[in-house]
Amino acid sequence: MKKLLLCVTFVVAIFTSETKAQVNVNINIGSQPVWGPIGYDRVDYYYLPDIETYYYVPTRQFIYFSGGNWVFAYGLPPAYRSYNLYSGYKVVVNRPKAYLYHDTYKIKYKKYKGNNSQAIIRNSNDPRYYVVKGHPKYKANGAVNKSVSKGKGGGNGKGKGKNR
């Protein structure tokens, strides 16, 4: 009898307790560089197969192997300072400390070396990328960059239109 009473109490407690669901959506489009590839709402790392270097989006740092150690720097490795980030292929890697799996990525993505066909954020007409600083249609606080916004209508730009 005690077991039955305990089971019933347990079941009632489960059904009457308030359940909370937590949804964690991590979107960092605004943090991505304009040279990054389109199509990703979230990016932790870019792996650059041409130069075997990583770029960590949250801190805006390049990570590369030098002298037996992983180096974190705000610029490209000295040997690749002239590398064109806009044309080189970028592989999105959403894994903690992606560079620690370098041997895997080096082999898996070596076929992308020299591939310059990837569409990048700077050239995208998708409005979700207008929040990326440096995009030609950069939108800060909801305002479209007027230097590239071409509206229709013959207004004088001084806000003195007719009230309707």
# chains A, B, ... in the order shown; residues from 1 in each chain; ligands from 1
call {"tool": "select_by_dssp", "arguments": {"residues": "region 32-150 of chain A", "states": "strand (DSSP E or B)", "output": "list in words"}}
result
Pro37, Tyr45, Tyr46, Tyr47, Leu48, Thr53, Tyr54, Tyr55, Tyr56, Gln61, Phe62, Ile63, Tyr64, Phe65, Ser66, Asn69, Trp70, Val71, Phe72, Ala73, Val91, Val92, Val93, Ile120, Lys139, Ala140, Ala143 and Val144 of chain A
call {"tool": "write_last_selection", "arguments": {"atoms": "N, CA and C atoms", "output": "compact mmCIF listing (two decimals), in the first residue's frame"}}
result
# COMPACT_ATOMS: atom_id res chain seq x y z
N PRO A 37 31.53 33.66 -45.49
CA PRO A 37 30.58 33.11 -46.45
C PRO A 37 29.14 33.33 -46.01
N TYR A 45 33.99 29.36 -35.76
CA TYR A 45 35.29 29.44 -36.43
C TYR A 45 35.12 29.36 -37.94
N TYR A 46 36.05 29.99 -38.63
CA TYR A 46 36.25 29.74 -40.06
C TYR A 46 37.60 29.04 -40.15
N TYR A 47 37.64 27.99 -40.94
CA TYR A 47 38.93 27.36 -41.26
C TYR A 47 39.27 27.80 -42.67
N LEU A 48 40.48 28.32 -42.86
CA LEU A 48 40.95 28.81 -44.15
C LEU A 48 41.94 27.79 -44.71
N THR A 53 44.75 28.17 -41.46
CA THR A 53 44.57 29.11 -40.35
C THR A 53 43.10 29.13 -39.97
N TYR A 54 42.82 29.45 -38.72
CA TYR A 54 41.45 29.56 -38.22
C TYR A 54 41.17 31.02 -37.88
N TYR A 55 39.90 31.37 -37.93
CA TYR A 55 39.47 32.70 -37.49
C TYR A 55 38.36 32.46 -36.48
N TYR A 56 38.55 32.99 -35.26
CA TYR A 56 37.57 32.81 -34.19
C TYR A 56 36.69 34.06 -34.16
N GLN A 61 39.89 36.89 -33.83
CA GLN A 61 41.31 36.53 -33.85
C GLN A 61 41.59 35.40 -34.82
N PHE A 62 42.75 35.48 -35.43
CA PHE A 62 43.25 34.40 -36.26
C PHE A 62 44.04 33.46 -35.35
N ILE A 63 43.97 32.18 -35.66
CA ILE A 63 44.68 31.17 -34.87
C ILE A 63 45.47 30.31 -35.86
N TYR A 64 46.77 30.25 -35.64
CA TYR A 64 47.62 29.47 -36.54
C TYR A 64 48.74 28.82 -35.74
N PHE A 65 49.29 27.75 -36.32
CA PHE A 65 50.33 26.98 -35.66
C PHE A 65 51.69 27.55 -36.05
N SER A 66 52.50 27.86 -35.06
CA SER A 66 53.83 28.41 -35.32
C SER A 66 54.76 28.06 -34.17
N ASN A 69 53.40 25.88 -31.31
CA ASN A 69 52.30 26.38 -30.49
C ASN A 69 51.21 27.01 -31.35
N TRP A 70 50.01 27.05 -30.81
CA TRP A 70 48.92 27.77 -31.46
C TRP A 70 49.02 29.24 -31.07
N VAL A 71 49.06 30.09 -32.07
CA VAL A 71 49.20 31.54 -31.87
C VAL A 71 47.86 32.20 -32.13
N PHE A 72 47.45 33.08 -31.22
CA PHE A 72 46.22 33.86 -31.36
C PHE A 72 46.64 35.29 -31.68
N ALA A 73 46.18 35.81 -32.83
CA ALA A 73 46.60 37.15 -33.25
C ALA A 73 45.45 37.86 -33.96
N VAL A 91 35.69 27.51 -44.43
CA VAL A 91 34.88 26.41 -43.94
C VAL A 91 34.36 26.80 -42.57
N VAL A 92 33.05 26.73 -42.36
CA VAL A 92 32.46 27.05 -41.06
C VAL A 92 32.60 25.84 -40.15
N VAL A 93 33.15 26.09 -38.96
CA VAL A 93 33.32 25.03 -37.97
C VAL A 93 32.72 25.51 -36.65
N ILE A 120 30.21 35.67 -50.57
CA ILE A 120 30.56 36.26 -49.27
C ILE A 120 29.51 37.29 -48.84
N LYS A 139 23.12 48.37 -41.81
CA LYS A 139 21.98 48.94 -41.12
C LYS A 139 22.29 48.97 -39.62
N ALA A 140 22.49 50.15 -39.09
CA ALA A 140 22.74 50.30 -37.65
C ALA A 140 21.48 50.83 -37.00
N ALA A 143 18.42 51.76 -39.28
CA ALA A 143 18.52 52.77 -40.34
C ALA A 143 19.36 52.23 -41.49
N VAL A 144 18.82 52.27 -42.69
CA VAL A 144 19.57 51.80 -43.86
C VAL A 144 20.57 52.86 -44.26
call {"tool": "residues_around", "arguments": {"residues": "Pro49 (chain A)", "least_positions_apart": "3", "cutoff": "9 Å", "atoms": "only C-alpha atoms", "output": "list in words"}}
result
Glu52, Thr53, Tyr54, Gly88, Tyr89, Lys90, Val91, Tyr105, Lys106, Tyr109, Lys110, Lys111, Tyr112, Lys113 and Gly114 of chain A
call {"tool": "residues_around", "arguments": {"residues": "region 38-43 of chain A", "least_positions_apart": "5", "cutoff": "6 Å", "atoms": "only C-alpha atoms", "output": "ChimeraX atom specification"}}
result
/A:27-29,120-121
call {"tool": "write_last_selection", "arguments": {"atoms": "N, CA and C atoms", "output": "PDB file, in the first residue's frame"}}
result
ATOM      1  N   ILE A  27      22.548  33.339 -32.461  1.00  0.00           N
ATOM      2  CA  ILE A  27      22.698  33.927 -33.785  1.00  0.00           C
ATOM      3  C   ILE A  27      23.749  35.017 -33.672  1.00  0.00           C
ATOM      4  N   ASN A  28      24.762  34.934 -34.502  1.00  0.00           N
ATOM      5  CA  ASN A  28      25.823  35.951 -34.439  1.00  0.00           C
ATOM      6  C   ASN A  28      26.136  36.533 -35.812  1.00  0.00           C
ATOM      7  N   ILE A  29      25.096  36.722 -36.618  1.00  0.00           N
ATOM      8  CA  ILE A  29      25.317  37.264 -37.962  1.00  0.00           C
ATOM      9  C   ILE A  29      26.060  38.591 -37.888  1.00  0.00           C
ATOM     10  N   ILE A 120      30.213  35.670 -50.570  1.00  0.00           N
ATOM     11  CA  ILE A 120      30.556  36.258 -49.274  1.00  0.00           C
ATOM     12  C   ILE A 120      29.508  37.285 -48.842  1.00  0.00           C
ATOM     13  N   ILE A 121      29.514  37.594 -47.556  1.00  0.00           N
ATOM     14  CA  ILE A 121      28.547  38.498 -46.950  1.00  0.00           C
ATOM     15  C   ILE A 121      28.552  39.873 -47.607  1.00  0.00           C
TER      16      ILE A 121
END
call {"tool": "atom_distance", "arguments": {"atom1": "CA of Tyr80 (chain A)", "atom2": "CA of Ser31 (chain A)"}}
result
23.3 Å
call {"tool": "closest_residue", "arguments": {"among": "A:Ile107, A:Ala98, A:Leu76, A:Val57", "to": "Gly36 (chain A)", "atoms": "only C-alpha atoms"}}
result
A:Val57
call {"tool": "closest_residue", "arguments": {"among": "A:Pro78, A:Gln32, A:Ser87, A:Asp44", "to": "Ala119 (chain A)", "atoms": "only C-alpha atoms"}}
result
A:Ser87
call {"tool": "atom_distance", "arguments": {"atom1": "CA of Tyr138 (chain A)", "atom2": "CA of Asn84 (chain A)"}}
result
21.8 Å
call {"tool": "atom_distance", "arguments": {"atom1": "CA of Asn123 (chain A)", "atom2": "CA of Val34 (chain A)"}}
result
8.4 Å
call {"tool": "decode", "arguments": {"residues": "region 70-97 of chain A", "atoms": "N, CA, C and O atoms", "output": "PDB file, in the first residue's frame"}}
result
ATOM      1  N   TRP A  70      50.008  27.052 -30.807  1.00  0.00           N
ATOM      2  CA  TRP A  70      48.918  27.773 -31.461  1.00  0.00           C
ATOM      3  C   TRP A  70      49.022  29.239 -31.075  1.00  0.00           C
ATOM      4  O   TRP A  70      49.095  29.573 -29.894  1.00  0.00           O
ATOM      5  N   VAL A  71      49.058  30.086 -32.073  1.00  0.00           N
ATOM      6  CA  VAL A  71      49.203  31.536 -31.872  1.00  0.00           C
ATOM      7  C   VAL A  71      47.857  32.200 -32.129  1.00  0.00           C
ATOM      8  O   VAL A  71      47.204  31.920 -33.137  1.00  0.00           O
ATOM      9  N   PHE A  72      47.452  33.082 -31.223  1.00  0.00           N
ATOM     10  CA  PHE A  72      46.221  33.865 -31.364  1.00  0.00           C
ATOM     11  C   PHE A  72      46.637  35.289 -31.685  1.00  0.00           C
ATOM     12  O   PHE A  72      47.361  35.916 -30.910  1.00  0.00           O
ATOM     13  N   ALA A  73      46.180  35.810 -32.833  1.00  0.00           N
ATOM     14  CA  ALA A  73      46.602  37.147 -33.255  1.00  0.00           C
ATOM     15  C   ALA A  73      45.451  37.862 -33.957  1.00  0.00           C
ATOM     16  O   ALA A  73      44.547  37.223 -34.502  1.00  0.00           O
ATOM     17  N   TYR A  74      45.511  39.180 -33.953  1.00  0.00           N
ATOM     18  CA  TYR A  74      44.473  39.971 -34.612  1.00  0.00           C
ATOM     19  C   TYR A  74      44.762  40.189 -36.096  1.00  0.00           C
ATOM     20  O   TYR A  74      43.978  40.810 -36.791  1.00  0.00           O
ATOM     21  N   GLY A  75      45.852  39.633 -36.566  1.00  0.00           N
ATOM     22  CA  GLY A  75      46.196  39.701 -37.980  1.00  0.00           C
ATOM     23  C   GLY A  75      46.565  38.328 -38.496  1.00  0.00           C
ATOM     24  O   GLY A  75      46.779  37.387 -37.724  1.00  0.00           O
ATOM     25  N   LEU A  76      46.649  38.230 -39.799  1.00  0.00           N
ATOM     26  CA  LEU A  76      47.045  36.968 -40.422  1.00  0.00           C
ATOM     27  C   LEU A  76      48.486  36.610 -40.063  1.00  0.00           C
ATOM     28  O   LEU A  76      49.264  37.492 -39.681  1.00  0.00           O
ATOM     29  N   PRO A  77      48.855  35.345 -40.215  1.00  0.00           N
ATOM     30  CA  PRO A  77      50.249  34.965 -39.977  1.00  0.00           C
ATOM     31  C   PRO A  77      51.171  35.789 -40.884  1.00  0.00           C
ATOM     32  O   PRO A  77      50.800  36.113 -42.021  1.00  0.00           O
ATOM     33  N   PRO A  78      52.345  36.153 -40.400  1.00  0.00           N
ATOM     34  CA  PRO A  78      53.253  36.999 -41.190  1.00  0.00           C
ATOM     35  C   PRO A  78      53.475  36.500 -42.617  1.00  0.00           C
ATOM     36  O   PRO A  78      53.514  37.298 -43.548  1.00  0.00           O
ATOM     37  N   ALA A  79      53.575  35.227 -42.821  1.00  0.00           N
ATOM     38  CA  ALA A  79      53.824  34.695 -44.166  1.00  0.00           C
ATOM     39  C   ALA A  79      52.623  34.880 -45.106  1.00  0.00           C
ATOM     40  O   ALA A  79      52.766  34.765 -46.313  1.00  0.00           O
ATOM     41  N   TYR A  80      51.468  35.176 -44.536  1.00  0.00           N
ATOM     42  CA  TYR A  80      50.253  35.290 -45.354  1.00  0.00           C
ATOM     43  C   TYR A  80      49.574  36.653 -45.230  1.00  0.00           C
ATOM     44  O   TYR A  80      48.388  36.781 -45.472  1.00  0.00           O
ATOM     45  N   ARG A  81      50.334  37.672 -44.888  1.00  0.00           N
ATOM     46  CA  ARG A  81      49.747  39.018 -44.725  1.00  0.00           C
ATOM     47  C   ARG A  81      49.048  39.503 -45.989  1.00  0.00           C
ATOM     48  O   ARG A  81      48.112  40.275 -45.919  1.00  0.00           O
ATOM     49  N   SER A  82      49.488  39.056 -47.147  1.00  0.00           N
ATOM     50  CA  SER A  82      48.886  39.517 -48.403  1.00  0.00           C
ATOM     51  C   SER A  82      47.748  38.596 -48.875  1.00  0.00           C
ATOM     52  O   SER A  82      47.179  38.823 -49.946  1.00  0.00           O
ATOM     53  N   TYR A  83      47.397  37.598 -48.081  1.00  0.00           N
ATOM     54  CA  TYR A  83      46.322  36.677 -48.454  1.00  0.00           C
ATOM     55  C   TYR A  83      44.992  37.427 -48.541  1.00  0.00           C
ATOM     56  O   TYR A  83      44.656  38.235 -47.675  1.00  0.00           O
ATOM     57  N   ASN A  84      44.213  37.164 -49.581  1.00  0.00           N
ATOM     58  CA  ASN A  84      42.940  37.839 -49.803  1.00  0.00           C
ATOM     59  C   ASN A  84      41.810  37.049 -49.134  1.00  0.00           C
ATOM     60  O   ASN A  84      41.373  36.025 -49.650  1.00  0.00           O
ATOM     61  N   LEU A  85      41.337  37.556 -48.010  1.00  0.00           N
ATOM     62  CA  LEU A  85      40.270  36.888 -47.268  1.00  0.00           C
ATOM     63  C   LEU A  85      38.954  36.871 -48.038  1.00  0.00           C
ATOM     64  O   LEU A  85      38.115  36.005 -47.817  1.00  0.00           O
ATOM     65  N   TYR A  86      38.757  37.818 -48.927  1.00  0.00           N
ATOM     66  CA  TYR A  86      37.512  37.904 -49.685  1.00  0.00           C
ATOM     67  C   TYR A  86      37.399  36.814 -50.746  1.00  0.00           C
ATOM     68  O   TYR A  86      36.303  36.383 -51.077  1.00  0.00           O
ATOM     69  N   SER A  87      38.505  36.369 -51.274  1.00  0.00           N
ATOM     70  CA  SER A  87      38.435  35.379 -52.351  1.00  0.00           C
ATOM     71  C   SER A  87      38.715  33.953 -51.899  1.00  0.00           C
ATOM     72  O   SER A  87      38.297  33.004 -52.557  1.00  0.00           O
ATOM     73  N   GLY A  88      39.417  33.769 -50.802  1.00  0.00           N
ATOM     74  CA  GLY A  88      39.732  32.422 -50.341  1.00  0.00           C
ATOM     75  C   GLY A  88      38.529  31.708 -49.759  1.00  0.00           C
ATOM     76  O   GLY A  88      37.587  32.334 -49.275  1.00  0.00           O
ATOM     77  N   TYR A  89      38.559  30.396 -49.793  1.00  0.00           N
ATOM     78  CA  TYR A  89      37.461  29.581 -49.291  1.00  0.00           C
ATOM     79  C   TYR A  89      37.494  29.526 -47.769  1.00  0.00           C
ATOM     80  O   TYR A  89      38.564  29.433 -47.158  1.00  0.00           O
ATOM     81  N   LYS A  90      36.312  29.603 -47.145  1.00  0.00           N
ATOM     82  CA  LYS A  90      36.182  29.516 -45.703  1.00  0.00           C
ATOM     83  C   LYS A  90      35.256  28.359 -45.340  1.00  0.00           C
ATOM     84  O   LYS A  90      34.162  28.260 -45.874  1.00  0.00           O
ATOM     85  N   VAL A  91      35.692  27.512 -44.430  1.00  0.00           N
ATOM     86  CA  VAL A  91      34.882  26.406 -43.942  1.00  0.00           C
ATOM     87  C   VAL A  91      34.363  26.799 -42.566  1.00  0.00           C
ATOM     88  O   VAL A  91      35.144  27.183 -41.687  1.00  0.00           O
ATOM     89  N   VAL A  92      33.054  26.729 -42.359  1.00  0.00           N
ATOM     90  CA  VAL A  92      32.457  27.051 -41.064  1.00  0.00           C
ATOM     91  C   VAL A  92      32.602  25.841 -40.149  1.00  0.00           C
ATOM     92  O   VAL A  92      32.235  24.728 -40.514  1.00  0.00           O
ATOM     93  N   VAL A  93      33.149  26.085 -38.961  1.00  0.00           N
ATOM     94  CA  VAL A  93      33.322  25.028 -37.969  1.00  0.00           C
ATOM     95  C   VAL A  93      32.723  25.515 -36.651  1.00  0.00           C
ATOM     96  O   VAL A  93      33.203  26.476 -36.060  1.00  0.00           O
ATOM     97  N   ASN A  94      31.668  24.866 -36.220  1.00  0.00           N
ATOM     98  CA  ASN A  94      31.032  25.208 -34.950  1.00  0.00           C
ATOM     99  C   ASN A  94      31.340  24.113 -33.936  1.00  0.00           C
ATOM    100  O   ASN A  94      30.535  23.225 -33.687  1.00  0.00           O
ATOM    101  N   ARG A  95      32.536  24.202 -33.421  1.00  0.00           N
ATOM    102  CA  ARG A  95      33.037  23.218 -32.467  1.00  0.00           C
ATOM    103  C   ARG A  95      33.997  23.935 -31.531  1.00  0.00           C
ATOM    104  O   ARG A  95      34.850  24.701 -31.996  1.00  0.00           O
ATOM    105  N   PRO A  96      33.905  23.714 -30.241  1.00  0.00           N
ATOM    106  CA  PRO A  96      34.839  24.374 -29.325  1.00  0.00           C
ATOM    107  C   PRO A  96      36.290  24.038 -29.672  1.00  0.00           C
ATOM    108  O   PRO A  96      36.618  22.893 -29.984  1.00  0.00           O
ATOM    109  N   LYS A  97      37.125  25.046 -29.667  1.00  0.00           N
ATOM    110  CA  LYS A  97      38.557  24.892 -29.928  1.00  0.00           C
ATOM    111  C   LYS A  97      38.813  24.073 -31.196  1.00  0.00           C
ATOM    112  O   LYS A  97      39.562  23.098 -31.196  1.00  0.00           O
TER     113      LYS A  97
END
